[in-house]
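*Asks:* My structure is below; once you've seen it, I'll send some questions.
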Amino acid sequence: MHRFLLSGFGRDRPGMVAAVSKLLLDLGANLEDTSMTRLGGQFAMLMLLSDGDTPLSVPQIEAAIARRRAELGTLDLHLRVSAVEGDGRRQESEAARYLIRVAGADRPGIVFSVTNYLASRSINVVDVSSRRLMGKQAVYLLLLEIVLPEDLTSDEFERGMEQLQAQLELDIQLEPIDVMTL
């Protein structure tokens with residue numbers, strides 16, 4: 001089995017996901033993981049895919065993209081494909097997972113401060129989403145899904161996050177995640 005990462009972006013409009021997923025379906029590719037979102041007026045996508053019964057290669061996928069260039073160009077969609085080495089599976093299924101919600105007055109450094117703290121404790125960030133909301137005062141919202149290392153207990157993690165909340169003067173909420181509910 002071969003695995004690939006397909007990345008793409010373009011001005012947000014209906015049909016982008018359908019066009020790319022149809023292209024991959026026609027190739028016989030299997031979508032394993034995806035992350036897609038609108039960022040401002042742009043739509044960005046990352047797709048981890050594998051070949052099915054018929055092996056695929058980067059040149060084959062690029063050729064399929066080129067054959068559909070007119071359709072994808074109409075969507076103002078720019079795609080790039082890369083091979084991915086290894087099976088990509090991490091042994092995290094037994095590890096504690098959390099959803100972290102951070103909110104506070106918008107200012108530079110919120111994402112860095114939170115993720116730097118997590119990195120310093122070997123906590124793996126597996127998903128990040130953020131938004132800046134405008135009102136009387138701009139509010140920044142940050143949502144992270146994380147996996148604790150085996151040597152860090154949930155109690156130690158939660159105490160550390162309470163200290164970080166006080167230090168950064170942000171509202172930080174933690175929610176344990178059951179992997180089966182994802």
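Residues are referred to by chain and number: the chain letter is A, B, ... according to the order shown in the structure tokens, the number counts from 1 in that chain, and ligands are numbered separately from 1 in the order shown.
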Run DSSP on the backbone of this structure and report the residues of segment 1-169 of chain A it assigns to strand (DSSP E or B), as a VMD selection string.

*Replies:* chain A and resid 3 to 11 30 to 39 42 to 50 77 to 84 97 to 105 124 to 133 139 to 147

*Asks:* Check the smallest atom-to-atom distance from each of A:His2, A:Arg11, A:Arg131, A:Arg38 to His78 of chain A using only C-alpha atoms, then report the winner.

*Replies:*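 Selected residue with least distance to His78 of chain A: A:Arg11.
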
*Asks:* Of the residues A:Phe43, A:Phe9, A:Phe4, A:Tyr117, which is the one nearest to Ala29 of chain A, using only C-alpha atoms?

*Replies:* A:Phe4

*Asks:* Within 12 Å of Asp53 of chain A, counting only C-alpha atoms, which residues qualify if same-chain residues fewer than 3 places away don't, as a list in words?

*Replies:* Met1, His2, Leu27, Gly28, Ala29, Asn30, Ser50 and Leu56 of chain A

*Asks:* I need the chosen residues saved as a PDB file, in the first residue's frame, with N, CA, C and O atoms.

*Replies:*
```pdb
ATOM      1  N   MET A   1       0.847  -1.180   0.000  1.00  0.00           N
ATOM      2  CA  MET A   1       0.000   0.000   0.000  1.00  0.00           C
ATOM      3  C   MET A   1       0.891   1.242   0.000  1.00  0.00           C
ATOM      4  O   MET A   1       1.860   1.327   0.739  1.00  0.00           O
ATOM      5  N   HIS A   2       0.525   2.205  -0.822  1.00  0.00           N
ATOM      6  CA  HIS A   2       1.220   3.483  -0.894  1.00  0.00           C
ATOM      7  C   HIS A   2       0.309   4.545  -0.304  1.00  0.00           C
ATOM      8  O   HIS A   2      -0.904   4.499  -0.465  1.00  0.00           O
ATOM      9  N   LEU A  27      -9.661   7.515  -9.315  1.00  0.00           N
ATOM     10  CA  LEU A  27      -8.339   6.882  -9.277  1.00  0.00           C
ATOM     11  C   LEU A  27      -8.345   5.583  -8.464  1.00  0.00           C
ATOM     12  O   LEU A  27      -7.383   4.831  -8.499  1.00  0.00           O
ATOM     13  N   GLY A  28      -9.406   5.359  -7.706  1.00  0.00           N
ATOM     14  CA  GLY A  28      -9.458   4.192  -6.823  1.00  0.00           C
ATOM     15  C   GLY A  28      -8.755   4.434  -5.505  1.00  0.00           C
ATOM     16  O   GLY A  28      -8.422   3.493  -4.784  1.00  0.00           O
ATOM     17  N   ALA A  29      -8.532   5.699  -5.166  1.00  0.00           N
ATOM     18  CA  ALA A  29      -7.846   6.038  -3.912  1.00  0.00           C
ATOM     19  C   ALA A  29      -8.816   5.967  -2.747  1.00  0.00           C
ATOM     20  O   ALA A  29     -10.021   6.169  -2.895  1.00  0.00           O
ATOM     21  N   ASN A  30      -8.273   5.711  -1.580  1.00  0.00           N
ATOM     22  CA  ASN A  30      -9.052   5.652  -0.347  1.00  0.00           C
ATOM     23  C   ASN A  30      -8.658   6.824   0.545  1.00  0.00           C
ATOM     24  O   ASN A  30      -7.474   6.993   0.854  1.00  0.00           O
ATOM     25  N   SER A  50      -4.665   6.612   0.436  1.00  0.00           N
ATOM     26  CA  SER A  50      -3.885   5.433   0.081  1.00  0.00           C
ATOM     27  C   SER A  50      -4.460   4.855  -1.202  1.00  0.00           C
ATOM     28  O   SER A  50      -5.606   5.134  -1.563  1.00  0.00           O
ATOM     29  N   LEU A  56      -0.911   3.226  -6.811  1.00  0.00           N
ATOM     30  CA  LEU A  56      -0.815   4.578  -7.355  1.00  0.00           C
ATOM     31  C   LEU A  56       0.581   5.127  -7.125  1.00  0.00           C
ATOM     32  O   LEU A  56       1.315   4.638  -6.268  1.00  0.00           O
TER      33      LEU A  56
END
```

*Asks:* With a distance cut-off of 8 Å and only C-alpha atoms, select the neighbouring residues of Ser129 of chain A, excluding the residue or stretch itself and same-chain residues fewer than 6 positions from it, and output the selection as a PyMOL selection string.

*Replies:* chain A and resi 142-144

*Asks:* Write the residues you've just listed into a file as a PDB file, in the first residue's frame, and include N, CA and C atoms for each of them.

*Replies:*
```pdb
ATOM      1  N   LEU A 142      -9.300  29.302  20.559  1.00  0.00           N
ATOM      2  CA  LEU A 142      -8.340  28.283  20.142  1.00  0.00           C
ATOM      3  C   LEU A 142      -8.847  26.943  20.641  1.00  0.00           C
ATOM      4  N   LEU A 143      -8.892  25.963  19.754  1.00  0.00           N
ATOM      5  CA  LEU A 143      -9.353  24.627  20.095  1.00  0.00           C
ATOM      6  C   LEU A 143      -8.262  23.643  19.695  1.00  0.00           C
ATOM      7  N   LEU A 144      -7.821  22.827  20.655  1.00  0.00           N
ATOM      8  CA  LEU A 144      -6.761  21.860  20.389  1.00  0.00           C
ATOM      9  C   LEU A 144      -7.196  20.482  20.853  1.00  0.00           C
TER      10      LEU A 144
END
```

*Asks:* Please list as a count of residues only every residue within 12 Å of Asp127 of chain A, counting only C-alpha atoms and excluding residues in the same chain fewer than 2 positions away.

*Replies:* 20

*Asks:* Segment 24-143 of chain A: which residues are alpha helix (DSSP H) by DSSP, as a PyMOL selection string?

*Replies:* chain A and resi 24-27+58-67+69-74+110-120

*Asks:* A:Val128, A:Ile65, A:Ile110, A:Leu49: which is nearest Tyr140 of chain A, counting only C-alpha atoms?

*Replies:*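 Of A:Val128, A:Ile65, A:Ile110, A:Leu49, the one nearest Tyr140 of chain A, counting only C-alpha atoms, is A:Ile110.
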
*Asks:* Excluding Arg107 of chain A and any residue of its chain fewer than 6 positions from it, enumerate the residues within 12 Å of it, using only C-alpha atoms, and give them as number ranges by chain.

*Replies:* A: 113, 132-133, 137-141, 168-170

*Asks:* Given only C-alpha atoms as the basis, pick out the residue of A:Ala19, A:Gly52, A:Met47, A:Val84 nearest to Ala70 of chain A.

*Replies:*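 Nearest to Ala70 of chain A: A:Ala19.
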
*Asks:* Near Leu152 of chain A, counting only C-alpha atoms, which residues have an atom at most 9 Å away, once you skip same-chain residues fewer than 5 positions from it, shown as a list in words?

*Replies:* Arg121, Ser122, Ile123 and Phe157 of chain A
